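Shown below: work-v2.cif, with mmCIF, C-alpha atoms.
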data_target
#
loop_
_atom_site.group_PDB
_atom_site.id
_atom_site.type_symbol
_atom_site.label_atom_id
_atom_site.label_comp_id
_atom_site.auth_asym_id
_atom_site.auth_seq_id
_atom_site.Cartn_x
_atom_site.Cartn_y
_atom_site.Cartn_z
ATOM 1 C CA MET A 1 0.000 0.000 0.000
ATOM 2 C CA LYS A 2 2.880 2.303 0.829
ATOM 3 C CA ARG A 3 4.318 1.605 -2.613
ATOM 4 C CA ILE A 4 1.097 2.651 -4.371
ATOM 5 C CA THR A 5 0.891 5.853 -2.338
ATOM 6 C CA LEU A 6 4.570 6.565 -3.014
ATOM 7 C CA LEU A 7 4.047 5.865 -6.731
ATOM 8 C CA LYS A 8 1.011 8.151 -6.835
ATOM 9 C CA SER A 9 2.951 10.883 -5.035
ATOM 10 C CA SER A 10 5.829 10.491 -7.470
ATOM 11 C CA LEU A 11 3.480 10.741 -10.481
ATOM 12 C CA VAL A 12 1.812 13.853 -9.060
ATOM 13 C CA LEU A 13 5.215 15.414 -8.400
ATOM 14 C CA LEU A 14 6.385 14.538 -11.925
ATOM 15 C CA ALA A 15 3.229 16.011 -13.481
ATOM 16 C CA LEU A 16 3.636 19.170 -11.420
ATOM 17 C CA THR A 17 7.289 19.484 -12.430
ATOM 18 C CA LEU A 18 6.450 19.079 -16.124
ATOM 19 C CA THR A 19 3.661 21.655 -15.882
ATOM 20 C CA LEU A 20 5.934 24.189 -14.191
ATOM 21 C CA ALA A 21 8.737 23.508 -16.661
ATOM 22 C CA GLY A 22 6.351 24.043 -19.598
ATOM 23 C CA THR A 23 5.072 27.293 -18.119
ATOM 24 C CA SER A 24 8.546 28.659 -17.459
ATOM 25 C CA CYS A 25 9.637 27.797 -20.995
ATOM 26 C CA LYS A 26 6.687 29.707 -22.406
ATOM 27 C CA SER A 27 7.482 32.786 -20.335
ATOM 28 C CA LYS A 28 11.079 32.718 -21.589
ATOM 29 C CA LYS A 29 9.900 32.997 -25.195
ATOM 30 C CA LYS A 30 10.252 36.496 -26.579
ATOM 31 C CA ALA A 31 6.905 38.280 -26.707
ATOM 32 C CA GLU A 32 5.948 39.255 -30.241
ATOM 33 C CA VAL A 33 5.550 43.030 -30.501
ATOM 34 C CA ILE A 34 2.801 44.174 -32.817
ATOM 35 C CA THR A 35 3.493 47.530 -34.421
ATOM 36 C CA PRO A 36 1.806 49.350 -37.291
ATOM 37 C CA SER A 37 4.781 48.617 -39.553
ATOM 38 C CA SER A 38 4.700 44.911 -38.626
ATOM 39 C CA GLN A 39 1.122 44.868 -39.900
ATOM 40 C CA GLY A 40 2.048 46.429 -43.238
ATOM 41 C CA GLU A 41 1.168 50.036 -42.425
ATOM 42 C CA ILE A 42 3.360 52.737 -43.945
ATOM 43 C CA GLU A 43 3.743 56.193 -42.427
ATOM 44 C CA VAL A 44 2.590 58.923 -44.796
ATOM 45 C CA LYS A 45 4.394 62.261 -44.822
ATOM 46 C CA LEU A 46 1.962 65.156 -45.134
ATOM 47 C CA TYR A 47 3.642 68.241 -46.499
ATOM 48 C CA CYS A 48 2.584 71.694 -45.268
ATOM 49 C CA SER A 49 1.183 70.132 -42.105
ATOM 50 C CA GLY A 50 2.169 70.064 -38.457
ATOM 51 C CA ASP A 51 2.594 72.461 -35.550
ATOM 52 C CA GLU A 52 4.076 75.308 -37.572
ATOM 53 C CA TYR A 53 0.941 75.348 -39.756
ATOM 54 C CA PHE A 54 -1.622 75.512 -36.910
ATOM 55 C CA SER A 55 -3.457 78.731 -36.096
ATOM 56 C CA THR A 56 -1.823 80.871 -33.427
ATOM 57 C CA ALA A 57 -2.792 83.885 -31.326
ATOM 58 C CA GLU A 58 -1.629 86.083 -34.236
ATOM 59 C CA GLN A 59 -2.533 84.094 -37.365
ATOM 60 C CA PHE A 60 -5.430 82.071 -38.683
ATOM 61 C CA ARG A 61 -3.987 79.101 -40.610
ATOM 62 C CA ALA A 62 -5.317 76.174 -42.606
ATOM 63 C CA ASN A 63 -3.841 73.432 -44.767
ATOM 64 C CA ALA A 64 -5.239 71.006 -47.305
ATOM 65 C CA VAL A 65 -4.433 68.485 -50.040
ATOM 66 C CA GLY A 66 -5.892 68.387 -53.545
ATOM 67 C CA GLU A 67 -5.468 65.577 -56.052
ATOM 68 C CA SER A 68 -6.190 65.492 -59.762
ATOM 69 C CA MET A 69 -4.895 64.237 -63.093
ATOM 70 C CA ASP A 70 -4.307 67.910 -63.935
ATOM 71 C CA GLN A 71 -1.623 69.850 -62.027
ATOM 72 C CA ASN A 72 -3.563 73.146 -61.909
ATOM 73 C CA THR A 73 -6.770 71.429 -60.834
ATOM 74 C CA ALA A 74 -4.910 69.745 -57.962
ATOM 75 C CA LYS A 75 -3.584 73.141 -56.836
ATOM 76 C CA ARG A 76 -7.013 74.750 -57.143
ATOM 77 C CA LYS A 77 -8.650 71.939 -55.126
ATOM 78 C CA ALA A 78 -6.089 72.259 -52.341
ATOM 79 C CA LEU A 79 -6.403 76.048 -52.199
ATOM 80 C CA ASN A 80 -10.216 75.956 -52.194
ATOM 81 C CA GLU A 81 -10.271 73.385 -49.387
ATOM 82 C CA ALA A 82 -7.725 75.377 -47.349
ATOM 83 C CA ARG A 83 -9.784 78.568 -47.804
ATOM 84 C CA THR A 84 -12.938 76.730 -46.729
ATOM 85 C CA GLN A 85 -11.185 75.500 -43.579
ATOM 86 C CA LEU A 86 -9.779 78.969 -42.904
ATOM 87 C CA ALA A 87 -13.204 80.601 -43.314
ATOM 88 C CA SER A 88 -14.724 78.043 -40.937
ATOM 89 C CA SER A 89 -12.051 78.696 -38.321
ATOM 90 C CA ILE A 90 -12.513 82.463 -38.603
ATOM 91 C CA GLN A 91 -16.314 82.193 -38.423
ATOM 92 C CA THR A 92 -16.080 80.045 -35.289
ATOM 93 C CA THR A 93 -13.740 82.540 -33.630
ATOM 94 C CA ILE A 94 -15.862 85.536 -34.631
ATOM 95 C CA LYS A 95 -19.049 83.798 -33.467
ATOM 96 C CA ALA A 96 -17.531 83.190 -30.016
ATOM 97 C CA THR A 97 -16.137 86.748 -29.932
ATOM 98 C CA THR A 98 -19.459 88.265 -30.919
ATOM 99 C CA ASP A 99 -21.455 86.183 -28.436
ATOM 100 C CA ASN A 100 -19.100 87.058 -25.576
ATOM 101 C CA TYR A 101 -18.884 90.719 -26.572
ATOM 102 C CA VAL A 102 -22.642 91.232 -26.941
ATOM 103 C CA ASN A 103 -23.384 89.378 -23.698
ATOM 104 C CA SER A 104 -20.916 91.575 -21.816
ATOM 105 C CA ARG A 105 -22.492 94.787 -23.140
ATOM 106 C CA GLU A 106 -25.843 96.437 -22.461
ATOM 107 C CA PHE A 107 -27.743 96.338 -25.753
ATOM 108 C CA ASN A 108 -31.472 96.880 -25.970
ATOM 109 C CA ASN A 109 -32.012 94.182 -28.561
ATOM 110 C CA LYS A 110 -29.207 91.622 -28.238
ATOM 111 C CA GLU A 111 -30.741 89.331 -30.833
ATOM 112 C CA GLU A 112 -30.730 92.039 -33.506
ATOM 113 C CA VAL A 113 -27.169 93.067 -32.605
ATOM 114 C CA LEU A 114 -25.920 89.461 -32.794
ATOM 115 C CA GLU A 115 -27.599 89.003 -36.157
ATOM 116 C CA ARG A 116 -26.025 92.211 -37.470
ATOM 117 C CA PHE A 117 -22.539 91.246 -36.186
ATOM 118 C CA GLU A 118 -22.785 87.827 -37.837
ATOM 119 C CA SER A 119 -23.923 89.298 -41.127
ATOM 120 C CA LEU A 120 -21.043 91.775 -41.172
ATOM 121 C CA SER A 121 -18.511 89.119 -40.160
ATOM 122 C CA ARG A 122 -19.544 86.922 -43.128
ATOM 123 C CA GLU A 123 -18.959 89.865 -45.468
ATOM 124 C CA VAL A 124 -15.551 90.551 -43.947
ATOM 125 C CA VAL A 125 -14.521 86.872 -44.108
ATOM 126 C CA ASN A 126 -15.426 86.682 -47.789
ATOM 127 C CA GLN A 127 -13.528 89.909 -48.486
ATOM 128 C CA GLN A 128 -10.473 88.959 -46.409
ATOM 129 C CA LEU A 129 -10.017 85.482 -47.911
ATOM 130 C CA ASN A 130 -8.645 87.219 -50.981
ATOM 131 C CA GLY A 131 -5.835 88.539 -48.780
ATOM 132 C CA THR A 132 -4.593 85.153 -47.594
ATOM 133 C CA ARG A 133 -0.917 84.377 -47.881
ATOM 134 C CA THR A 134 0.466 80.987 -48.966
ATOM 135 C CA ILE A 135 3.055 79.854 -46.413
ATOM 136 C CA CYS A 136 3.740 76.389 -47.838
ATOM 137 C CA GLU A 137 3.155 74.727 -51.184
ATOM 138 C CA ARG A 138 4.337 71.336 -52.434
ATOM 139 C CA LEU A 139 3.405 69.414 -55.536
ATOM 140 C CA THR A 140 3.976 65.680 -55.967
ATOM 141 C CA LYS A 141 3.124 63.107 -58.592
ATOM 142 C CA THR A 142 1.773 59.746 -57.461
ATOM 143 C CA PRO A 143 2.733 56.364 -58.952
ATOM 144 C CA GLN A 144 -0.757 56.305 -60.500
ATOM 145 C CA GLY A 145 0.089 59.491 -62.436
ATOM 146 C CA THR A 146 -2.078 61.966 -60.522
ATOM 147 C CA PHE A 147 -0.813 65.215 -59.052
ATOM 148 C CA LYS A 148 -1.107 65.974 -55.350
ATOM 149 C CA SER A 149 -0.933 69.569 -54.208
ATOM 150 C CA TYR A 150 -0.233 70.349 -50.554
ATOM 151 C CA VAL A 151 -0.874 73.897 -49.411
ATOM 152 C CA ALA A 152 -0.969 75.920 -46.195
ATOM 153 C CA ILE A 153 -2.319 79.453 -46.011
ATOM 154 C CA GLU A 154 -2.634 82.110 -43.341
ATOM 155 C CA LEU A 155 -4.460 85.332 -42.604
ATOM 156 C CA GLY A 156 -3.262 87.745 -39.935
ATOM 157 C CA GLY A 157 -5.589 88.109 -36.973
ATOM 158 C CA GLU A 158 -4.813 91.840 -36.711
ATOM 159 C CA ASP A 159 -5.597 92.333 -40.406
ATOM 160 C CA PHE A 160 -8.902 90.605 -39.965
ATOM 161 C CA LEU A 161 -9.706 92.563 -36.792
ATOM 162 C CA LYS A 162 -8.951 95.850 -38.580
ATOM 163 C CA SER A 163 -11.309 94.979 -41.439
ATOM 164 C CA MET A 164 -13.958 93.867 -38.974
ATOM 165 C CA ASN A 165 -13.596 97.117 -37.038
ATOM 166 C CA ASP A 166 -13.930 99.177 -40.244
ATOM 167 C CA ARG A 167 -17.200 97.422 -41.110
ATOM 168 C CA LEU A 168 -18.626 97.551 -37.580
ATOM 169 C CA SER A 169 -17.836 101.226 -37.047
ATOM 170 C CA LYS A 170 -19.549 102.139 -40.348
ATOM 171 C CA ASP A 171 -22.783 100.356 -39.464
ATOM 172 C CA GLU A 172 -25.312 102.948 -38.263
ATOM 173 C CA ARG A 173 -27.187 100.602 -35.936
ATOM 174 C CA LEU A 174 -24.033 99.276 -34.245
ATOM 175 C CA ARG A 175 -21.861 102.384 -34.195
ATOM 176 C CA ILE A 176 -23.700 103.937 -31.211
ATOM 177 C CA ASP A 177 -22.866 101.113 -28.778
ATOM 178 C CA TYR A 178 -19.788 99.650 -30.445
ATOM 179 C CA ASP A 179 -16.606 99.738 -28.315
ATOM 180 C CA TYR A 180 -13.535 98.723 -30.357
ATOM 181 C CA GLU A 181 -11.243 98.201 -27.357
ATOM 182 C CA LYS A 182 -13.718 95.874 -25.656
ATOM 183 C CA PHE A 183 -14.311 93.997 -28.932
ATOM 184 C CA LYS A 184 -10.532 93.678 -29.509
ATOM 185 C CA GLU A 185 -10.013 92.387 -25.974
ATOM 186 C CA THR A 186 -12.711 89.740 -26.514
ATOM 187 C CA PHE A 187 -11.262 88.824 -29.924
ATOM 188 C CA ASP A 188 -7.726 88.473 -28.497
ATOM 189 C CA LYS A 189 -9.013 86.100 -25.807
ATOM 190 C CA GLU A 190 -10.525 83.891 -28.498
ATOM 191 C CA MET A 191 -7.284 83.971 -30.540
ATOM 192 C CA ASP A 192 -5.291 82.958 -27.437
ATOM 193 C CA LYS A 193 -7.281 79.720 -27.326
ATOM 194 C CA PHE A 194 -5.385 78.552 -30.426
ATOM 195 C CA GLU A 195 -2.136 78.652 -28.414
ATOM 196 C CA LYS A 196 -3.673 76.943 -25.384
ATOM 197 C CA GLY A 197 -5.327 74.254 -27.519
ATOM 198 C CA ARG A 198 -1.997 72.789 -28.587
#
So that I can check it, write out the structure of this file as structure tokens.
Amino acid sequence: MKRITLLKSSLVLLALTLTLAGTSCKSKKKAEVITPSSQGEIEVKLYCSGDEYFSTAEQFRANAVGESMDQNTAKRKALNEARTQLASSIQTTIKATTDNYVNSREFNNKEEVLERFESLSREVVNQQLNGTRTICERLTKTPQGTFKSYVAIELGGEDFLKSMNDRLSKDERLRIDYDYEKFKETFDKEMDKFEKGR
């Protein structure tokens, strides 16, 4: 009986040893690291993109890519998309500026004033987009034979504010209560958010 118990104990000990040995061998194997490149992904370099092409407290900026079989069409697509992005960024900033400015002032009819500000800002944005400056432009040709145009543009915040001020101060309904310094202060706070958002 002692022999059977000893045999059973030996078998259990052997099984336990083999299990532990198998586990320790597995842990010694090098863990396979999965990376994007190990899965066939290739990093794409975007020209005219990155931190130096983001909007700042002084400049509105936008960048875009356009692709076409025709070189000029690719450039035009990129420029149009960049201008659309720039206009959207400016409108968002002006909307926040206007809302904050009007709410901080005592206007009899805030709704009418907000509507008037927004209408004038759209006019100024459309006018000012013609004054954008190209700060980066690259043109590439793909293996498929199409052209890719990369572009980044900017518009000075001060230039835009000056144009906005000219339009606001000429509006009869707004001129009475319009305070440029207060509007500029509100606008500058909104522009500073570009720096803080990085």
Please, what is the axis-aligned box for every listed atom of range 118-131 of chain A with 6 Å on each side, as centre and edge lengths in Å to one decimal, as lines of an AutoDock Vina configuration file?
center_x = -14.9
center_y = 88.6
center_z = -44.4
size_x = 30.1
size_y = 18.3
size_z = 25.1
Could you please determine the separation between CA of Phe117 in chain A and CA of Met164 in chain A in Å, to one decimal place?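 Between CA of Phe117 in chain A and CA of Met164 in chain A the gap is 9.4 Å.
The residue that comes closest to Ser68 in chain A, out of A:Val113, A:Leu139, A:Ala87, A:Val124 and on the basis of all atoms listed in the file, is A:Leu139.
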Using only C-alpha atoms, the best pick from A:Ala96, A:Cys136, A:Leu174, A:Leu155 as closest to Gly50 in chain A would be A:Cys136
When you draw a straight line from CA of Asp179 in chain A to CA of Asn126 in chain A, how long is it in Å?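 Interatomic distance, CA of Asp179 in chain A to CA of Asn126 in chain A: 23.5 Å.
Minimum distance to Gly131 in chain A across A:Leu168, A:Leu86, A:Ala74, A:Met191 (counting only C-alpha atoms) occurs at A:Leu86.
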I would like the residues chosen by the PyMOL selection byres ((chain A and resi 62) around 8) on the shown file; could you give them as a PDB file with C-alpha atoms, in the frame of the given file?
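So part.pdb came out as:
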ATOM      1  CA  TYR A  53       0.941  75.348 -39.756  1.00  0.00           C
ATOM      2  CA  PHE A  54      -1.622  75.512 -36.910  1.00  0.00           C
ATOM      3  CA  SER A  55      -3.457  78.731 -36.096  1.00  0.00           C
ATOM      4  CA  PHE A  60      -5.430  82.071 -38.683  1.00  0.00           C
ATOM      5  CA  ARG A  61      -3.987  79.101 -40.610  1.00  0.00           C
ATOM      6  CA  ASN A  63      -3.841  73.432 -44.767  1.00  0.00           C
ATOM      7  CA  ALA A  64      -5.239  71.006 -47.305  1.00  0.00           C
ATOM      8  CA  ALA A  82      -7.725  75.377 -47.349  1.00  0.00           C
ATOM      9  CA  ARG A  83      -9.784  78.568 -47.804  1.00  0.00           C
ATOM     10  CA  GLN A  85     -11.185  75.500 -43.579  1.00  0.00           C
ATOM     11  CA  LEU A  86      -9.779  78.969 -42.904  1.00  0.00           C
ATOM     12  CA  ALA A 152      -0.969  75.920 -46.195  1.00  0.00           C
ATOM     13  CA  ILE A 153      -2.319  79.453 -46.011  1.00  0.00           C
ATOM     14  CA  GLU A 154      -2.634  82.110 -43.341  1.00  0.00           C
TER      15      GLU A 154
END
Give the answer as one residue: which of A:Glu67, A:Ser121, A:Asp166, A:Lys110 has the shortest atom-to-atom distance to Thr97 in chain A, using all atoms listed in the file?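 Of the candidates, the smallest distance to Thr97 in chain A is held by A:Ser121.
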Figure out the distance between CA of Lys196 in chain A and CA of Val102 in chain A, please, to one decimal in Å. 23.8 Å
Restricting the calculation to all atoms listed in the file: of A:Ile34, A:Gly145, A:Asn109, A:Glu123, which residue gets closest to Gln71 in chain A?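 That would be A:Gly145, the residue with the smallest distance to Gln71 in chain A.
Considering the residues A:Asn80, A:Thr98, A:Ser163, A:Thr146 and counting only C-alpha atoms, Gln128 in chain A has its shortest atom-to-atom contact with A:Ser163.
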List the neighbours of Ala78 in chain A out to 6 Å using only C-alpha atoms; skip same-chain residues closer than 2 positions along the sequence, and give me the result as a list of chain:residue names.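 Residues meeting the cut-off are A:Ala64, A:Val65, A:Gly66, A:Lys75, A:Arg76, A:Asn80, A:Glu81.
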Output file for the selection above: C-alpha atoms, as a PDB file, keeping the file's coordinate frame:
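What follows is the written file again28.pdb:
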ATOM      1  CA  ALA A  64      -5.239  71.006 -47.305  1.00  0.00           C
ATOM      2  CA  VAL A  65      -4.433  68.485 -50.040  1.00  0.00           C
ATOM      3  CA  GLY A  66      -5.892  68.387 -53.545  1.00  0.00           C
ATOM      4  CA  LYS A  75      -3.584  73.141 -56.836  1.00  0.00           C
ATOM      5  CA  ARG A  76      -7.013  74.750 -57.143  1.00  0.00           C
ATOM      6  CA  ASN A  80     -10.216  75.956 -52.194  1.00  0.00           C
ATOM      7  CA  GLU A  81     -10.271  73.385 -49.387  1.00  0.00           C
TER       8      GLU A  81
END
What's the 9 Å shell around Asp188 in chain A, counting only C-alpha atoms, without same-chain residues fewer than 3 positions away, as a list in words?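 Result of the neighbour search: Ala57, Glu58, Thr97, Gly157, Phe183, Lys184, Glu185, Met191, Asp192 and Lys193 of chain A.
Residues in contact with Phe107 in chain A at 12 Å, where only C-alpha atoms are counted and same-chain residues fewer than 4 positions away are skipped, are listed as A:Tyr101, A:Val102, A:Asn103, A:Glu111, A:Glu112, A:Val113, A:Leu114, A:Arg173, A:Leu174, A:Arg175, A:Ile176, A:Asp177, A:Tyr178, A:Asp179.
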Neighbouring residues of Asn100 in chain A were defined as those with any atom within 9 Å, considering all atoms listed in the file; residues of the same chain fewer than 5 positions away were excluded. Please report them as JSON, numbers by chain. {"A": [95, 105, 186]}
